[in-house]
Amino acid sequence: MKNPHYILFDTPERDQLYPFTHTRPVAACRIGLLTIREKWEKWLKVSPIGYFTMDYLQPKFPLIKAPQNTVTILVNGHLLPSAAVVKTIRALQPGQELYKNGRLLAKAVSGDDFFLPADQARIDFEDDIIRIDQPWHIAQYNDAALRDDFALLTRGRKSAPAAAGNTLLNPKQIFIEPGARVSCSILNAETGPIYIGKDAEVMEGCTIRGPFGMATGAVLKMGTRVYGATSLGERCVVGGEVKNSVFFNYSNKAHDGYLGDAVIGEWCNLGAGTTCSNLKNNAREVRVWMEAKNEAWSAGLKCGVLMGDYSRCGINTMFNTGTVIGVSCNVFGGDFPPKYLPSFSWGGQQHAGEKYRLTEALRDAGAWMQLKGQALTEADQQILTRIFHG
């Protein structure tokens, strides 16, 4: 089969990834150095790949239909690519479906009736896979994703040189893109690779243990301490102490404070001194509130804060283990916030039930975006308005 067309589709299980999938398809989530879609584009050598997602998200994340008389291969947006799964998906013929443990991974179809029930030739995939099914998976599987993405992005390429005054351990596993600046810092890749993106900056006195990656234009402030496996999206600014955490694009934790086993969405800001717990005092399992299920699920022994897009917290905010912050929340106050704050919450424990007014929320989201030279688009406003009204 020549030049099939690829689409990444959401499943009904996408609601288990709230708050991050309130504002994006599953495949637009970042894990490792790339979003899930970016990984598939590089593995398949096809770009752009479109999304099949919720109606209110499609204007920002468009569905790109196949040219006439072209076979479409639909790929589950929860699935991370690997050599084995890519090879199997490439080989699918029209009418074939690929499954793992009874769950659809991919299918090849002719025409536009993507999910029309039909008699299909079913193939069971026997190798291991990584799926992102709950929000804490983004941090839990970030180590493996960082290593895979590092190999994918650097294969056959040569790193830019590191400036004098830096200490590099295992330099073969350190890659610096053109335009990046690294000053008087320690980069230890003995525990995993380190990737410094184009025009990124590592200020003086930073200590980094891999695996670690920072995307285009990201910044580590002076004296930042980073433990693997940590990823910074585009234009993020990070300081203090961070361990095994993922920042989506354009978010800040610019000052002291600890963040561990956490996932921070886009356009978030953590005030100076913000600290989150990632391990309970009794060392028992962390239970995380699942908004769509209206119940708490086990996230294992470690889980930090999970913060949706456009949310912010004031100085010296303290987050309990496994706290979930929805989309466009403004968190402040002297007490621990509740362990679950729904989207558009205003305040903290003392303001329970208060809601961010939509007009002000849109205004403030736009103001934060302007700080990094971006603008709140009509599609962004429509998405936030839909979330606000439920």
# chains A, B, ... in the order shown; residues from 1 in each chain; ligands from 1
call {"tool": "residues_around", "arguments": {"residues": "range 181-197 of chain A", "least_positions_apart": "5", "cutoff": "6 Å", "atoms": "only C-alpha atoms", "output": "PyMOL selection string"}}
result
chain A and resi 165-170+173-176+202-216
call {"tool": "select_by_dssp", "arguments": {"residues": "range 56-295 of chain A", "states": "strand (DSSP E)", "output": "ChimeraX atom specification"}}
result
/A:71-76,96-100,103-110,121-124,167-169,174-176,181-182,186-188,194-196,201-202,207-209,212-214,219-220,225-227,230-232,237-238,241-243,246-247,252-253,258-260,263-264,269-270,275-276,287-290,295
call {"tool": "write_last_selection", "arguments": {"atoms": "C-alpha atoms", "output": "tab-separated table (two decimals), in the first residue's frame"}}
result
chain	number	residue	atom	x	y	z
A	71	VAL	CA	-6.35	4.56	2.22
A	72	THR	CA	-6.61	6.11	5.70
A	73	ILE	CA	-4.94	4.54	8.72
A	74	LEU	CA	-6.49	5.65	12.00
A	75	VAL	CA	-4.13	5.48	14.98
A	76	ASN	CA	-5.22	5.59	18.61
A	96	GLN	CA	-7.72	-4.71	9.02
A	97	GLU	CA	-7.79	-3.66	12.67
A	98	LEU	CA	-4.96	-3.86	15.21
A	99	TYR	CA	-5.76	-4.63	18.86
A	100	LYS	CA	-3.94	-5.00	22.14
A	103	ARG	CA	-8.52	-2.33	22.75
A	104	LEU	CA	-8.26	-0.85	19.28
A	105	LEU	CA	-4.82	0.51	18.37
A	106	ALA	CA	-5.26	1.21	14.67
A	107	LYS	CA	-7.38	0.40	11.63
A	108	ALA	CA	-7.09	0.87	7.87
A	109	VAL	CA	-10.15	2.09	5.97
A	110	SER	CA	-11.20	3.31	2.56
A	121	ALA	CA	-9.73	-8.78	9.82
A	122	ARG	CA	-8.50	-8.54	13.39
A	123	ILE	CA	-4.81	-8.60	14.30
A	124	ASP	CA	-3.62	-8.88	17.91
A	167	THR	CA	31.05	20.21	33.31
A	168	LEU	CA	29.70	17.42	31.08
A	169	LEU	CA	29.47	13.82	32.28
A	174	ILE	CA	24.29	15.27	25.67
A	175	PHE	CA	22.92	17.11	22.65
A	176	ILE	CA	22.86	20.89	22.31
A	181	ARG	CA	23.28	28.77	25.62
A	182	VAL	CA	24.65	26.77	28.54
A	186	ILE	CA	26.85	20.63	35.43
A	187	LEU	CA	25.17	18.29	32.92
A	188	ASN	CA	25.26	14.66	34.09
A	194	ILE	CA	20.19	15.43	28.11
A	195	TYR	CA	18.73	17.50	25.26
A	196	ILE	CA	19.01	21.30	25.10
A	201	GLU	CA	19.16	28.81	27.89
A	202	VAL	CA	20.71	27.14	30.93
A	207	THR	CA	22.76	21.09	38.01
A	208	ILE	CA	21.01	18.64	35.67
A	209	ARG	CA	20.76	14.86	35.87
A	212	PHE	CA	16.17	15.68	30.71
A	213	GLY	CA	14.98	17.74	27.79
A	214	MET	CA	14.09	21.37	27.17
A	219	VAL	CA	15.00	28.67	30.20
A	220	LEU	CA	16.50	27.24	33.39
A	225	ARG	CA	18.40	21.67	40.33
A	226	VAL	CA	16.82	19.19	37.94
A	227	TYR	CA	16.45	15.45	38.40
A	230	THR	CA	11.99	16.05	33.41
A	231	SER	CA	10.74	17.77	30.24
A	232	LEU	CA	10.24	21.46	29.56
A	237	VAL	CA	10.89	29.19	32.46
A	238	VAL	CA	11.87	26.98	35.39
A	241	GLU	CA	14.12	22.07	42.37
A	242	VAL	CA	12.28	19.84	39.88
A	243	LYS	CA	12.13	16.07	39.62
A	246	VAL	CA	6.55	17.49	32.53
A	247	PHE	CA	5.78	21.07	31.53
A	252	ASN	CA	6.54	29.00	34.35
A	253	LYS	CA	7.94	27.88	37.67
A	258	TYR	CA	9.92	21.87	44.88
A	259	LEU	CA	7.97	20.17	42.09
A	260	GLY	CA	8.04	16.39	41.75
A	263	VAL	CA	2.38	17.55	35.03
A	264	ILE	CA	1.87	21.24	34.27
A	269	ASN	CA	2.37	30.05	36.33
A	270	LEU	CA	3.54	28.81	39.73
A	275	THR	CA	5.93	23.54	46.59
A	276	CYS	CA	4.08	20.31	45.93
A	287	ARG	CA	-5.29	8.62	45.17
A	288	VAL	CA	-6.16	11.16	42.48
A	289	TRP	CA	-9.62	12.58	41.80
A	290	MET	CA	-10.91	11.54	38.37
A	295	GLU	CA	-14.21	9.08	42.15
call {"tool": "closest_residue", "arguments": {"among": "A:Ser82, A:Asn142, A:Asn69, A:Gln93", "to": "Ile129 in chain A", "atoms": "only C-alpha atoms"}}
result
A:Ser82
call {"tool": "residues_around", "arguments": {"residues": "range 305-314 of chain A", "least_positions_apart": "3", "cutoff": "6 Å", "atoms": "only C-alpha atoms", "output": "JSON, numbers by chain"}}
result
{"A": [19, 20, 262, 263, 264, 265, 266, 267, 268, 269, 270, 271, 317, 322, 323, 324, 325, 326, 327, 328, 329, 330, 331, 332]}
call {"tool": "atom_distance", "arguments": {"atom1": "CA of Arg131 in chain A", "atom2": "CA of Gly156 in chain A"}}
result
27.9 Å
call {"tool": "closest_residue", "arguments": {"among": "A:Pro12, A:Pro48, A:Pro338, A:Pro59", "to": "Glu378 in chain A", "atoms": "only C-alpha atoms"}}
result
A:Pro59
call {"tool": "select_by_dssp", "arguments": {"residues": "range 245-377 of chain A", "states": "alpha helix (DSSP H)", "output": "list in words"}}
result
Leu358, Thr359, Glu360, Ala361, Leu362, Arg363, Asp364, Ala365, Gly366, Ala367, Trp368, Met369, Gln370 and Leu371 of chain A
call {"tool": "residues_around", "arguments": {"residues": "range 13-16 of chain A", "least_positions_apart": "4", "cutoff": "9 Å", "atoms": "only C-alpha atoms", "output": "list in words"}}
result
Thr21, His22, Pro25, Val26, His78, Asp133, Gln134, Pro135, Met290, Glu291, Ala292 and Lys293 of chain A
call {"tool": "write_last_selection", "arguments": {"atoms": "C-alpha atoms", "output": "tab-separated table (two decimals), in the first residue's frame"}}
result
chain	number	residue	atom	x	y	z
A	21	THR	CA	-7.78	16.78	27.42
A	22	HIS	CA	-10.31	19.47	28.27
A	25	PRO	CA	-6.86	15.90	21.86
A	26	VAL	CA	-4.94	13.14	23.60
A	78	HIS	CA	-3.22	7.33	23.42
A	133	ASP	CA	-4.52	6.58	29.70
A	134	GLN	CA	-4.43	8.57	32.97
A	135	PRO	CA	-2.90	12.01	33.59
A	290	MET	CA	-10.91	11.54	38.37
A	291	GLU	CA	-13.29	14.29	37.33
A	292	ALA	CA	-15.09	12.31	34.63
A	293	LYS	CA	-15.62	9.30	36.92
